[in-house]
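Engineer: To be precise about what I am sending: the file is called start.txt and holds compact mmCIF, C-alpha atoms and all ligand atoms.
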```
# COMPACT_ATOMS: atom_id res chain seq x y z
CA MET A 1 -4.95 -24.85 -8.77
CA TYR A 2 -6.47 -22.58 -6.20
CA HIS A 3 -9.83 -20.88 -6.52
CA LEU A 4 -11.28 -17.76 -5.03
CA GLY A 5 -14.85 -18.11 -3.75
CA GLN A 6 -16.52 -15.35 -1.80
CA GLU A 7 -17.25 -17.78 1.04
CA THR A 8 -13.70 -19.17 1.19
CA PRO A 9 -11.52 -17.50 3.80
CA ILE A 10 -8.71 -15.40 2.33
CA VAL A 11 -5.61 -14.51 4.31
CA GLN A 12 -3.59 -11.52 3.12
CA LYS A 13 -0.33 -10.52 4.76
CA TYR A 14 1.16 -7.06 4.29
CA GLY A 15 4.85 -6.66 5.15
CA GLY A 16 6.75 -3.79 6.72
CA THR A 17 7.26 -1.69 3.59
CA SER A 18 3.61 -2.18 2.58
CA VAL A 19 2.53 -0.59 5.87
CA GLY A 20 5.58 1.66 6.18
CA THR A 21 3.74 5.00 6.03
CA LEU A 22 0.21 6.21 6.74
CA GLU A 23 -0.30 6.69 2.98
CA ARG A 24 0.65 3.09 2.31
CA ILE A 25 -1.62 1.79 5.06
CA ASP A 26 -4.40 3.85 3.57
CA SER A 27 -3.76 2.48 0.10
CA VAL A 28 -3.75 -1.13 1.39
CA ALA A 29 -7.02 -0.42 3.21
CA GLN A 30 -8.52 0.83 -0.05
CA ARG A 31 -7.54 -2.39 -1.84
CA VAL A 32 -9.13 -4.48 0.91
CA ALA A 33 -12.22 -2.25 1.02
CA ALA A 34 -12.69 -2.71 -2.74
CA GLN A 35 -12.58 -6.51 -2.33
CA TYR A 36 -15.01 -6.29 0.58
CA ALA A 37 -17.38 -4.21 -1.55
CA GLU A 38 -17.15 -6.88 -4.28
CA GLY A 39 -18.52 -9.40 -1.77
CA PHE A 40 -15.34 -10.96 -0.34
CA LYS A 41 -16.27 -10.66 3.32
CA LYS A 42 -14.13 -13.46 4.75
CA ILE A 43 -10.80 -11.73 4.52
CA ALA A 44 -8.29 -11.87 7.40
CA ILE A 45 -5.42 -9.39 7.25
CA VAL A 46 -2.04 -10.03 8.87
CA VAL A 47 0.34 -7.09 9.24
CA SER A 48 3.98 -6.61 10.15
CA ALA A 49 5.37 -3.65 12.03
CA MET A 50 5.99 -0.50 9.94
CA SER A 51 9.34 -0.86 8.16
CA GLY A 52 12.28 0.01 10.38
CA GLU A 53 10.22 -0.22 13.54
CA THR A 54 11.30 -3.69 14.64
CA ASN A 55 14.94 -2.75 13.98
CA ARG A 56 14.46 0.33 16.16
CA LEU A 57 13.08 -1.81 18.99
CA VAL A 58 15.90 -4.38 18.66
CA ASP A 59 18.50 -1.59 18.69
CA MET A 60 16.99 -0.11 21.85
CA MET A 61 17.11 -3.49 23.60
CA ASN A 62 20.71 -4.00 22.49
CA GLY A 63 21.52 -0.46 23.57
CA ILE A 64 20.28 -1.06 27.07
CA ASN A 65 21.53 -4.63 27.46
CA PRO A 66 22.65 -6.88 24.62
CA ARG A 67 22.49 -9.85 27.00
CA SER A 68 18.91 -9.27 28.13
CA SER A 69 16.73 -12.31 28.62
CA LEU A 70 14.89 -13.32 25.49
CA ARG A 71 11.61 -13.01 27.36
CA ASN A 72 12.22 -9.29 27.78
CA TYR A 73 13.50 -9.02 24.20
CA ASP A 74 10.26 -10.52 22.87
CA MET A 75 8.15 -8.19 24.95
CA ALA A 76 9.89 -5.19 23.36
CA VAL A 77 10.17 -6.34 19.76
CA ALA A 78 6.58 -7.60 19.51
CA ALA A 79 5.37 -4.05 20.14
CA GLY A 80 5.76 -2.78 16.56
CA GLU A 81 2.92 -4.92 15.27
CA GLN A 82 0.50 -3.58 17.89
CA VAL A 83 0.66 -0.14 16.30
CA SER A 84 0.31 -1.26 12.68
CA VAL A 85 -2.65 -3.51 13.51
CA ALA A 86 -4.51 -0.59 15.06
CA LEU A 87 -3.61 1.77 12.20
CA MET A 88 -4.75 -0.74 9.58
CA ALA A 89 -8.04 -1.44 11.39
CA ALA A 90 -8.63 2.30 11.70
CA ALA A 91 -7.86 2.84 8.00
CA LEU A 92 -10.36 0.14 7.04
CA GLU A 93 -13.01 1.77 9.22
CA LYS A 94 -12.32 5.03 7.45
CA HIS A 95 -13.05 3.29 4.14
CA GLY A 96 -16.37 1.98 5.39
CA VAL A 97 -15.25 -1.52 6.39
CA PRO A 98 -15.93 -2.61 9.98
CA ALA A 99 -12.57 -3.91 11.24
CA ARG A 100 -11.15 -5.23 14.49
CA GLY A 101 -7.48 -5.59 15.42
CA PHE A 102 -6.16 -8.64 17.28
CA LEU A 103 -2.82 -9.14 19.00
CA GLY A 104 -1.35 -12.65 19.10
CA TYR A 105 -2.50 -13.40 22.62
CA GLN A 106 -6.05 -12.19 21.94
CA LEU A 107 -6.39 -14.79 19.20
CA GLY A 108 -4.83 -17.58 21.19
CA ILE A 109 -1.82 -17.92 18.87
CA VAL A 110 -0.06 -20.41 21.14
CA THR A 111 3.64 -21.08 20.58
CA ASP A 112 6.37 -23.09 22.25
CA SER A 113 8.57 -21.19 24.68
CA PHE A 114 11.70 -20.68 22.54
CA HIS A 115 11.63 -16.89 22.89
CA SER A 116 12.74 -14.93 19.80
CA LYS A 117 12.22 -17.92 17.49
CA ALA A 118 9.06 -19.57 18.80
CA ARG A 119 7.02 -22.00 16.73
CA ILE A 120 3.25 -21.77 16.50
CA GLU A 121 1.48 -24.75 18.05
CA SER A 122 -2.17 -23.77 17.71
CA ILE A 123 -4.52 -20.93 16.84
CA ASP A 124 -8.03 -20.50 18.17
CA CYS A 125 -10.03 -19.15 15.24
CA SER A 126 -13.32 -18.64 17.14
CA LYS A 127 -12.81 -14.86 17.44
CA LEU A 128 -12.12 -14.60 13.73
CA TYR A 129 -15.32 -16.47 12.85
CA ALA A 130 -17.24 -14.25 15.29
CA ALA A 131 -15.75 -11.14 13.64
CA TRP A 132 -16.82 -12.37 10.20
CA ASP A 133 -20.30 -13.14 11.56
CA ARG A 134 -20.51 -9.48 12.59
CA GLY A 135 -19.39 -8.43 9.10
CA GLU A 136 -15.96 -7.29 10.36
CA ILE A 137 -12.55 -7.80 8.84
CA PRO A 138 -10.07 -9.04 11.44
CA VAL A 139 -6.59 -7.49 11.35
CA VAL A 140 -4.06 -9.74 13.07
CA ALA A 141 -0.62 -8.87 14.42
CA GLY A 142 2.00 -10.97 12.67
CA PHE A 143 5.25 -12.15 14.29
CA GLN A 144 3.85 -12.56 17.81
CA GLY A 145 2.29 -15.30 19.90
CA MET A 146 2.12 -16.43 23.49
CA THR A 147 3.15 -19.50 25.43
CA GLY A 148 0.68 -21.61 27.39
CA ASP A 149 1.72 -19.47 30.42
CA LEU A 150 0.68 -16.25 28.65
CA GLU A 151 4.26 -15.14 28.00
CA ILE A 152 4.67 -13.02 24.84
CA THR A 153 6.80 -14.70 22.18
CA THR A 154 8.02 -13.77 18.69
CA LEU A 155 8.61 -16.06 15.75
CA GLY A 156 11.99 -14.79 14.54
CA ARG A 157 12.77 -11.88 12.22
CA GLY A 158 10.49 -11.90 9.20
CA GLY A 159 8.05 -14.14 11.07
CA SER A 160 4.82 -12.41 9.99
CA ASP A 161 4.87 -14.57 6.86
CA THR A 162 4.64 -17.58 9.13
CA SER A 163 1.80 -16.05 11.14
CA ALA A 164 -0.11 -15.59 7.88
CA VAL A 165 0.40 -19.12 6.55
CA ALA A 166 -0.42 -20.62 9.97
CA LEU A 167 -3.62 -18.60 10.02
CA ALA A 168 -4.47 -19.68 6.46
CA VAL A 169 -4.02 -23.31 7.51
CA ALA A 170 -6.10 -22.86 10.67
CA LEU A 171 -8.88 -21.17 8.69
CA ASP A 172 -8.68 -23.68 5.82
CA ALA A 173 -8.19 -20.84 3.34
CA SER A 174 -7.65 -21.78 -0.30
CA PHE A 175 -4.30 -19.96 -0.37
CA CYS A 176 -2.25 -17.43 1.54
CA GLU A 177 -1.34 -14.14 -0.11
CA ILE A 178 1.98 -12.54 0.91
CA ASN A 179 2.01 -8.92 -0.20
CA THR A 180 5.43 -7.34 -0.30
CA ASP A 181 7.65 -4.76 -2.01
CA VAL A 182 8.74 -6.92 -4.98
CA ASP A 183 6.65 -8.78 -7.58
CA GLY A 184 7.27 -12.22 -6.09
CA VAL A 185 10.15 -14.64 -5.63
CA PHE A 186 12.97 -13.94 -8.08
CA THR A 187 15.83 -16.17 -9.21
CA ALA A 188 17.99 -14.06 -6.84
CA ASP A 189 17.46 -10.99 -4.69
CA PRO A 190 16.68 -8.36 -7.36
CA ARG A 191 18.40 -5.73 -5.21
CA VAL A 192 21.65 -7.69 -5.40
CA VAL A 193 21.37 -9.22 -8.88
CA PRO A 194 19.60 -6.76 -11.16
CA ASP A 195 19.20 -9.43 -13.91
CA ALA A 196 17.18 -11.69 -11.61
CA ARG A 197 13.93 -12.98 -13.11
CA LEU A 198 10.55 -13.43 -11.47
CA ALA A 199 9.67 -17.09 -10.94
CA GLN A 200 5.96 -17.26 -11.68
CA GLU A 201 5.70 -20.79 -10.28
CA MET A 202 7.86 -22.48 -7.71
CA ASP A 203 7.78 -25.85 -5.95
CA PHE A 204 7.66 -25.84 -2.17
CA GLU A 205 10.96 -27.73 -2.12
CA VAL A 206 12.86 -25.01 -3.98
CA ALA A 207 11.09 -22.20 -2.11
CA LEU A 208 11.96 -23.83 1.19
CA GLU A 209 15.64 -24.14 0.35
CA MET A 210 15.75 -20.56 -0.92
CA ALA A 211 14.03 -19.24 2.19
CA SER A 212 16.16 -21.19 4.61
CA LEU A 213 19.33 -20.22 2.75
CA GLY A 214 18.66 -16.55 3.34
CA SER A 215 16.34 -15.31 0.59
CA LYS A 216 14.52 -12.82 2.79
CA VAL A 217 11.30 -12.55 0.78
CA LEU A 218 9.75 -15.48 2.68
CA HIS A 219 10.34 -16.67 6.25
CA SER A 220 11.46 -20.28 5.94
CA ARG A 221 9.00 -21.58 8.52
CA CYS A 222 6.12 -20.19 6.45
CA VAL A 223 7.17 -22.28 3.46
CA GLU A 224 7.62 -25.29 5.73
CA LEU A 225 4.04 -24.89 6.97
CA GLY A 226 2.73 -24.31 3.45
CA ALA A 227 4.41 -27.52 2.27
CA LYS A 228 3.27 -29.54 5.27
CA TYR A 229 -0.37 -28.55 4.90
CA SER A 230 -0.38 -28.09 1.09
CA MET A 231 -1.33 -24.46 1.51
CA PRO A 232 -0.46 -22.60 -1.71
CA ILE A 233 1.40 -19.34 -1.14
CA VAL A 234 1.02 -16.44 -3.55
CA VAL A 235 3.74 -13.79 -3.31
CA ARG A 236 2.77 -10.52 -4.98
CA ASN A 237 3.56 -6.83 -5.04
CA THR A 238 1.27 -4.83 -2.73
CA PHE A 239 1.21 -1.84 -5.01
CA LYS A 240 0.70 -3.51 -8.39
CA PRO A 241 -2.71 -4.34 -9.90
CA ASN A 242 -4.25 -7.71 -9.09
CA ASP A 243 -3.43 -9.15 -12.52
CA HIS A 244 0.28 -8.27 -12.35
CA PRO A 245 2.73 -11.24 -12.59
CA ARG A 246 3.43 -12.87 -9.23
CA THR A 247 4.75 -16.14 -7.80
CA LEU A 248 2.60 -19.14 -6.98
CA ILE A 249 4.27 -21.63 -4.66
CA MET A 250 2.63 -25.03 -4.40
CA ASN A 251 3.18 -28.76 -4.93
CA PHE A 252 3.47 -29.24 -8.65
CA SER A 253 3.35 -32.65 -10.29
CA PRO A 254 6.37 -34.92 -9.72
CA ASP A 255 7.12 -35.18 -13.49
CA ARG A 256 7.94 -31.48 -13.47
CA LYS A 257 11.01 -32.33 -11.44
CA LEU A 258 12.46 -34.17 -14.40
CA GLU A 259 12.33 -30.98 -16.40
CA ALA A 260 13.38 -28.73 -13.52
CA PRO A 261 16.26 -26.36 -14.23
CA ILE A 262 19.57 -27.39 -12.70
CA VAL A 263 19.61 -24.18 -10.70
CA SER A 264 16.37 -22.32 -9.96
CA GLY A 265 17.83 -19.65 -7.75
CA VAL A 266 20.83 -18.14 -6.03
CA THR A 267 20.67 -16.90 -2.45
CA LEU A 268 22.91 -14.76 -0.32
CA ASP A 269 22.78 -14.82 3.47
CA LYS A 270 24.79 -11.95 4.94
CA ASN A 271 24.09 -12.93 8.47
CA VAL A 272 26.68 -15.68 9.00
CA VAL A 273 29.11 -16.08 11.88
CA ARG A 274 31.62 -18.91 12.29
CA VAL A 275 32.32 -20.25 15.76
CA SER A 276 35.31 -22.54 16.27
CA LEU A 277 36.04 -24.64 19.32
CA HIS A 278 39.80 -25.22 19.44
CA ASN A 279 41.83 -27.59 21.55
CA LEU A 280 38.97 -29.90 22.43
CA PRO A 281 40.11 -33.17 24.01
CA ALA A 282 39.66 -35.88 21.38
CA ARG A 283 37.48 -38.23 23.37
CA GLY A 284 34.01 -39.64 22.97
CA GLY A 285 30.92 -37.65 23.97
CA ILE A 286 32.48 -34.19 23.70
CA ILE A 287 31.01 -33.13 20.37
CA GLY A 288 27.59 -34.52 21.22
CA SER A 289 27.62 -32.65 24.52
CA ALA A 290 28.59 -29.31 22.87
CA PHE A 291 25.82 -29.50 20.28
CA GLU A 292 23.32 -30.72 22.86
CA VAL A 293 23.81 -27.60 24.96
CA ILE A 294 23.54 -25.40 21.86
CA ALA A 295 20.32 -27.10 20.73
CA ALA A 296 18.82 -26.95 24.22
CA ASN A 297 19.11 -23.18 23.98
CA GLY A 298 17.21 -23.11 20.69
CA ILE A 299 20.23 -22.08 18.59
CA ASN A 300 20.24 -23.33 14.99
CA VAL A 301 23.57 -24.56 13.78
CA ASP A 302 24.19 -24.67 10.06
CA ILE A 303 27.42 -25.88 8.42
CA ILE A 304 29.68 -28.00 10.68
CA VAL A 305 33.31 -28.89 10.04
CA HIS A 306 35.26 -31.25 12.30
CA ASN A 307 39.06 -31.69 12.16
CA ARG A 308 41.17 -34.17 14.00
CA SER A 309 44.60 -35.21 12.88
CA SER A 310 45.54 -38.80 13.66
CA ASP A 311 48.68 -37.77 15.60
CA SER A 312 46.94 -35.36 17.96
CA ASP A 313 44.89 -35.84 21.11
CA THR A 314 42.93 -32.66 20.49
CA MET A 315 40.38 -31.75 17.84
CA ARG A 316 38.66 -28.67 16.43
CA VAL A 317 35.02 -28.16 15.55
CA GLY A 318 33.83 -25.17 13.53
CA PHE A 319 30.25 -24.31 12.74
CA THR A 320 28.16 -21.43 11.47
CA ILE A 321 25.21 -19.73 13.17
CA GLY A 322 23.09 -16.65 12.51
CA ALA A 323 24.72 -13.42 13.72
CA THR A 324 21.89 -12.73 16.17
CA ASP A 325 22.78 -15.86 18.16
CA LEU A 326 26.45 -14.97 18.49
CA MET A 327 26.57 -13.50 21.98
CA ARG A 328 24.45 -16.24 23.52
CA THR A 329 26.33 -19.05 21.78
CA LYS A 330 29.62 -17.67 23.05
CA ASP A 331 28.32 -17.36 26.62
CA ILE A 332 26.84 -20.85 26.57
CA LEU A 333 29.97 -22.50 25.19
CA GLU A 334 32.31 -20.63 27.55
CA LYS A 335 30.26 -21.88 30.49
CA TRP A 336 30.18 -25.38 29.00
CA THR A 337 33.95 -25.64 28.57
CA LEU A 338 34.68 -24.10 32.00
CA GLU A 339 32.28 -26.41 33.83
CA ARG A 340 33.88 -29.45 32.21
CA LYS A 341 37.44 -28.08 32.61
CA LEU A 342 38.09 -28.90 28.96
CA GLY A 343 40.75 -26.24 28.36
CA ALA A 344 39.18 -25.50 24.97
CA TYR A 345 38.99 -21.96 23.62
CA ILE A 346 36.39 -20.34 21.44
CA GLU A 347 37.08 -18.27 18.35
CA VAL A 348 34.42 -16.22 16.64
CA GLU A 349 34.64 -14.90 13.10
CA GLY A 350 32.12 -12.41 11.71
CA GLY A 351 32.08 -10.65 8.34
CA LEU A 352 31.02 -13.79 6.48
CA SER A 353 28.24 -14.54 4.01
CA LYS A 354 26.83 -17.72 2.58
CA VAL A 355 26.10 -17.92 -1.12
CA SER A 356 24.06 -20.88 -2.39
CA VAL A 357 22.63 -22.31 -5.59
CA VAL A 358 19.34 -24.22 -5.34
CA GLY A 359 17.67 -26.45 -7.90
CA LEU A 360 15.78 -29.72 -8.21
CA GLY A 361 17.62 -30.48 -11.45
CA MET A 362 20.89 -30.94 -9.53
CA GLN A 363 19.66 -34.37 -8.49
CA SER A 364 20.02 -35.64 -12.03
CA HIS A 365 23.02 -33.55 -13.18
CA PRO A 366 26.40 -34.44 -11.70
CA GLY A 367 29.23 -31.94 -11.71
CA VAL A 368 27.32 -28.92 -10.46
CA ALA A 369 29.53 -28.57 -7.37
CA SER A 370 32.74 -28.36 -9.39
CA ARG A 371 31.13 -25.73 -11.64
CA VAL A 372 30.16 -23.69 -8.57
CA PHE A 373 33.66 -23.82 -7.11
CA SER A 374 35.33 -22.97 -10.43
CA CYS A 375 32.94 -20.09 -11.04
CA LEU A 376 33.74 -18.58 -7.63
CA GLU A 377 37.46 -19.22 -7.93
CA ASP A 378 37.53 -17.66 -11.42
CA ALA A 379 35.96 -14.56 -9.85
CA GLY A 380 38.84 -14.54 -7.34
CA ILE A 381 36.63 -15.50 -4.39
CA ALA A 382 38.08 -17.66 -1.61
CA LEU A 383 35.88 -20.43 -0.16
CA HIS A 384 35.87 -20.76 3.64
CA MET A 385 33.36 -23.58 4.15
CA ILE A 386 31.23 -25.73 1.84
CA SER A 387 28.04 -27.66 2.39
CA THR A 388 25.93 -29.62 -0.09
CA SER A 389 22.65 -31.49 -0.22
CA GLU A 390 20.78 -33.11 -3.09
CA ILE A 391 19.31 -29.82 -4.23
CA LYS A 392 21.70 -27.11 -3.01
CA ILE A 393 25.36 -26.16 -2.76
CA SER A 394 26.42 -23.50 -0.25
CA CYS A 395 29.76 -21.77 0.17
CA VAL A 396 30.80 -19.52 3.03
CA ILE A 397 32.79 -16.55 1.75
CA THR A 398 33.65 -13.10 3.08
CA ASP A 399 30.88 -10.50 3.27
CA LYS A 400 32.60 -8.12 0.93
CA GLU A 401 32.63 -10.72 -1.85
CA GLY A 402 29.00 -11.77 -1.30
CA GLU A 403 27.35 -9.69 -4.01
CA LEU A 404 30.04 -10.48 -6.56
CA ALA A 405 29.60 -14.19 -5.82
CA ALA A 406 25.80 -14.06 -6.17
CA LYS A 407 26.07 -12.23 -9.50
CA ALA A 408 28.72 -14.64 -10.83
CA LEU A 409 26.70 -17.75 -9.91
CA HIS A 410 23.49 -16.26 -11.30
CA LYS A 411 25.26 -15.51 -14.57
CA GLU A 412 26.78 -18.99 -14.73
CA PHE A 413 23.66 -21.01 -13.93
CA VAL A 414 20.44 -19.03 -14.17
CA LEU A 415 20.82 -16.53 -17.00
CA PRO A 416 21.46 -19.10 -19.73
CA ILE A 417 17.95 -20.64 -19.51
CA ASP A 418 18.61 -24.38 -19.57
P1 LIG B 501 8.26 -7.58 3.83
O1 LIG B 501 8.55 -6.38 4.65
O2 LIG B 501 7.15 -7.39 2.84
O3 LIG B 501 8.11 -8.82 4.64
P2 LIG B 501 10.98 -8.29 3.21
O4 LIG B 501 11.90 -7.12 3.22
O5 LIG B 501 10.97 -9.18 4.38
O6 LIG B 501 9.52 -7.75 2.88
O7 LIG B 501 11.25 -9.19 1.91
C1 LIG B 501 11.24 -8.58 0.64
C2 LIG B 501 12.68 -8.36 0.18
O8 LIG B 501 13.31 -9.64 0.05
C3 LIG B 501 12.80 -7.74 -1.18
O9 LIG B 501 12.77 -6.34 -1.12
C4 LIG B 501 14.13 -8.29 -1.69
O10 LIG B 501 15.18 -7.35 -1.60
C5 LIG B 501 14.45 -9.44 -0.75
N1 LIG B 501 14.75 -10.70 -1.46
C6 LIG B 501 15.78 -11.53 -1.16
N2 LIG B 501 15.80 -12.57 -1.98
C7 LIG B 501 14.75 -12.43 -2.83
C8 LIG B 501 14.26 -13.20 -3.91
N3 LIG B 501 14.84 -14.34 -4.29
N4 LIG B 501 13.15 -12.76 -4.56
C9 LIG B 501 12.55 -11.61 -4.19
N5 LIG B 501 12.99 -10.82 -3.17
C10 LIG B 501 14.08 -11.22 -2.49
N1 LIG B 502 8.27 -7.04 12.19
C1 LIG B 502 9.00 -8.28 12.21
C2 LIG B 502 10.41 -8.09 11.66
O1 LIG B 502 10.76 -7.00 11.24
C3 LIG B 502 8.27 -9.38 11.53
C4 LIG B 502 8.14 -9.25 10.03
O2 LIG B 502 8.39 -8.18 9.46
O3 LIG B 502 7.73 -10.22 9.40
O4 LIG B 502 11.17 -9.02 11.69
MG MG B 503 9.51 -10.17 5.47
```
Let's see the structure in the file written out as structure tokens.

Structural biologist:
Amino acid sequence: MYHLGQETPIVQKYGGTSVGTLERIDSVAQRVAAQYAEGFKKIAIVVSAMSGETNRLVDMMNGINPRSSLRNYDMAVAAGEQVSVALMAAALEKHGVPARGFLGYQLGIVTDSFHSKARIESIDCSKLYAAWDRGEIPVVAGFQGMTGDLEITTLGRGGSDTSAVALAVALDASFCEINTDVDGVFTADPRVVPDARLAQEMDFEVALEMASLGSKVLHSRCVELGAKYSMPIVVRNTFKPNDHPRTLIMNFSPDRKLEAPIVSGVTLDKNVVRVSLHNLPARGGIIGSAFEVIAANGINVDIIVHNRSSDSDTMRVGFTIGATDLMRTKDILEKWTLERKLGAYIEVEGGLSKVSVVGLGMQSHPGVASRVFSCLEDAGIALHMISTSEIKISCVITDKEGELAAKALHKEFVLPID
């Protein structure tokens, strides 16, 4: 288990809703000031932009040029955190706590150069230690970093969670607290499935699948880092008392897996686009080359389907990506097929969602996939693509059936506690 010593660094992240108004910032500052007064002086705060702010910045960039370079995009969208850092530091000062705001570059949060979805490579904690030595609480901008060439980068939407866990690892904190607008990680998004239950404990493995399959409460990279460095993550409600139920994510003992529920959670990702490459010449090297150019541009591909009938000299490859990568993927593939004179054409299909069930218990219970398909079909939902792994089953469906699908699967697998 984790422990809370006054000398152990504590990292607390506050998300967009938690800092969404001046009143909320003030109330967070009061919580932190009370902990400081109790003797917890080694607290580092990570904040997101005020809710809606990053969307506003993204919309402005898209309004001026949806094909802008990602370097320029990052420079604009990183700006929201600059304001909330300063407001939070000022609120702490008001409550008698010396505080100092830091932007990513000021702390040496060095990332790779994949703009808009950069990965943190290192953090220089010396300024944080110096702040603590002066009795100050550092307030750090989430979501942003810089490359070795001092270019501003961002970590992908929702990336402040990752900033916080990376900081907790760098500071050797005993855990990382993610403060948000729900009580923790639920068995499904409580806004979509009102019956969803709070999971008070969750293994990294399940949390990672849920995060990467679209459960927005945690950025998937933050869970990846937590698992890699065994950094427990506590997800709690910013505005509930400290003893309110919450979720603790950590490595639990391997025997627990034997007793794990078949399905621990249901996720819904509304951000899915399918790209199909039709009429590709059926010869060696083509598919590798297409995915190589996609990967080189930092685009994550999810479910892939490949069709080739034996009597044809052409083939078709379909795959899903996040909606934000659509324009660039299309541009890149159009250039790729033109340069190689392949005669292929690209079809793009939006309006899709991916619904998934996740659970460690699936490993020892056969037949879960057929139950998933029957449950969706009984609800009248058509399946467009399917992908499975040992601990998850995902189906691509239309957007408009997404919520119905999540509710049906939650009712089938999670509500009857097994
Ligand atoms: P923050 O601004 O604090 O980072 P987010 O909006 O990024 O908060 O994430 C919190 C939201 O995630 C919740 O309001 C909830 O609607 C959504 N969510 C999606 N899946 C889940 C889940 N399984 N458990 C809890 N919340 C979830
Ligand atoms: N402000 C960023 C976003 O809206 C990062 C975050 O909230 O975690 O995506
Ligand atoms: Mg978030």

Engineer: Counting all atoms listed in the file, which of A:Leu213, A:Val266, A:Ala49, A:Ala196 gets nearest to ligand LIG 502 (chain B)?

Structural biologist: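 Smallest separation from ligand LIG 502 (chain B) among the options: A:Ala49.
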
Engineer: Of the candidates A:Ala78, A:Ala89, A:Val140, A:Cys176, which one gets nearest to ligand LIG 502 (chain B) if we count all atoms listed in the file?

Structural biologist: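 The closest residue to ligand LIG 502 (chain B) is A:Ala78.
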
Engineer: Pick out the residues no farther than 8 Å from ligand MG 503 (chain B), counting only C-alpha atoms and all ligand atoms, and list them as a PDB file with C-alpha atoms, in the frame of the given file.

Structural biologist:
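For reference, part.pdb as written:
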```pdb
ATOM      1  CA  GLY A  15       4.850  -6.660   5.150  1.00  0.00           C
ATOM      2  CA  GLY A  16       6.750  -3.790   6.720  1.00  0.00           C
ATOM      3  CA  ARG A 157      12.770 -11.880  12.220  1.00  0.00           C
ATOM      4  CA  GLY A 158      10.490 -11.900   9.200  1.00  0.00           C
ATOM      5  CA  GLY A 159       8.050 -14.140  11.070  1.00  0.00           C
ATOM      6  CA  SER A 160       4.820 -12.410   9.990  1.00  0.00           C
ATOM      7  CA  ASP A 161       4.870 -14.570   6.860  1.00  0.00           C
ATOM      8  CA  THR A 180       5.430  -7.340  -0.300  1.00  0.00           C
ATOM      9  CA  LYS A 216      14.520 -12.820   2.790  1.00  0.00           C
ATOM     10  CA  VAL A 217      11.300 -12.550   0.780  1.00  0.00           C
ATOM     11  CA  LEU A 218       9.750 -15.480   2.680  1.00  0.00           C
ATOM     12  CA  HIS A 219      10.340 -16.670   6.250  1.00  0.00           C
TER      13      HIS A 219
END
```

Engineer: Residues contacting ligand LIG 501 (chain B) - anything with an atom at most 8 Å away, using all atoms listed in the file - can you give me those as a VMD selection string?

Structural biologist: chain A and resid 14 to 18 48 51 158 160 to 161 178 to 192 198 210 214 to 219 265 to 268

Engineer: Work out how far apart CA of Ala86 in chain A and CA of Gly101 in chain A are and give it in Å to one decimal.

Structural biologist: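 About the pair CA of Ala86 in chain A and CA of Gly101 in chain A: they are 5.8 Å apart.
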
Engineer: Can you work out which one of A:Pro66, A:Pro9, A:Gly361, A:Pro261 has the shortest atom-to-atom distance to Leu171 in chain A, counting only C-alpha atoms?

Structural biologist: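 Once distances to Leu171 in chain A are computed over only C-alpha atoms, the minimum belongs to A:Pro9.
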
Engineer: Between CA of Thr324 in chain A and CA of Ile286 in chain A, what is the distance, to one decimal in Å?

Structural biologist: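 Value for the CA of Thr324 in chain A-CA of Ile286 in chain A distance: 25.1 Å.
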
Engineer: Could I get range 258-267 of chain A rebuilt with N, CA and C atoms, written as a PDB file, keeping the file's coordinate frame?

Structural biologist:
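Output file result.pdb is given in full below:
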```pdb
ATOM      1  N   LEU A 258      11.557 -33.675 -13.376  1.00  0.00           N
ATOM      2  CA  LEU A 258      12.460 -34.170 -14.400  1.00  0.00           C
ATOM      3  C   LEU A 258      12.915 -33.033 -15.314  1.00  0.00           C
ATOM      4  N   GLU A 259      11.989 -32.083 -15.497  1.00  0.00           N
ATOM      5  CA  GLU A 259      12.330 -30.980 -16.400  1.00  0.00           C
ATOM      6  C   GLU A 259      12.854 -29.764 -15.636  1.00  0.00           C
ATOM      7  N   ALA A 260      13.014 -29.902 -14.330  1.00  0.00           N
ATOM      8  CA  ALA A 260      13.380 -28.730 -13.520  1.00  0.00           C
ATOM      9  C   ALA A 260      14.745 -28.204 -13.939  1.00  0.00           C
ATOM     10  N   PRO A 261      14.925 -26.879 -13.921  1.00  0.00           N
ATOM     11  CA  PRO A 261      16.260 -26.360 -14.230  1.00  0.00           C
ATOM     12  C   PRO A 261      17.272 -26.841 -13.200  1.00  0.00           C
ATOM     13  N   ILE A 262      18.527 -26.924 -13.633  1.00  0.00           N
ATOM     14  CA  ILE A 262      19.570 -27.390 -12.700  1.00  0.00           C
ATOM     15  C   ILE A 262      19.590 -26.454 -11.497  1.00  0.00           C
ATOM     16  N   VAL A 263      19.613 -25.170 -11.785  1.00  0.00           N
ATOM     17  CA  VAL A 263      19.610 -24.180 -10.700  1.00  0.00           C
ATOM     18  C   VAL A 263      18.411 -23.256 -10.887  1.00  0.00           C
ATOM     19  N   SER A 264      17.540 -23.206  -9.884  1.00  0.00           N
ATOM     20  CA  SER A 264      16.370 -22.320  -9.960  1.00  0.00           C
ATOM     21  C   SER A 264      16.650 -20.965  -9.337  1.00  0.00           C
ATOM     22  N   GLY A 265      17.595 -20.932  -8.406  1.00  0.00           N
ATOM     23  CA  GLY A 265      17.830 -19.650  -7.750  1.00  0.00           C
ATOM     24  C   GLY A 265      19.166 -19.614  -7.032  1.00  0.00           C
ATOM     25  N   VAL A 266      19.582 -18.382  -6.763  1.00  0.00           N
ATOM     26  CA  VAL A 266      20.830 -18.140  -6.030  1.00  0.00           C
ATOM     27  C   VAL A 266      20.458 -17.313  -4.802  1.00  0.00           C
ATOM     28  N   THR A 267      20.991 -17.681  -3.653  1.00  0.00           N
ATOM     29  CA  THR A 267      20.670 -16.900  -2.450  1.00  0.00           C
ATOM     30  C   THR A 267      21.947 -16.407  -1.786  1.00  0.00           C
TER      31      THR A 267
END
```
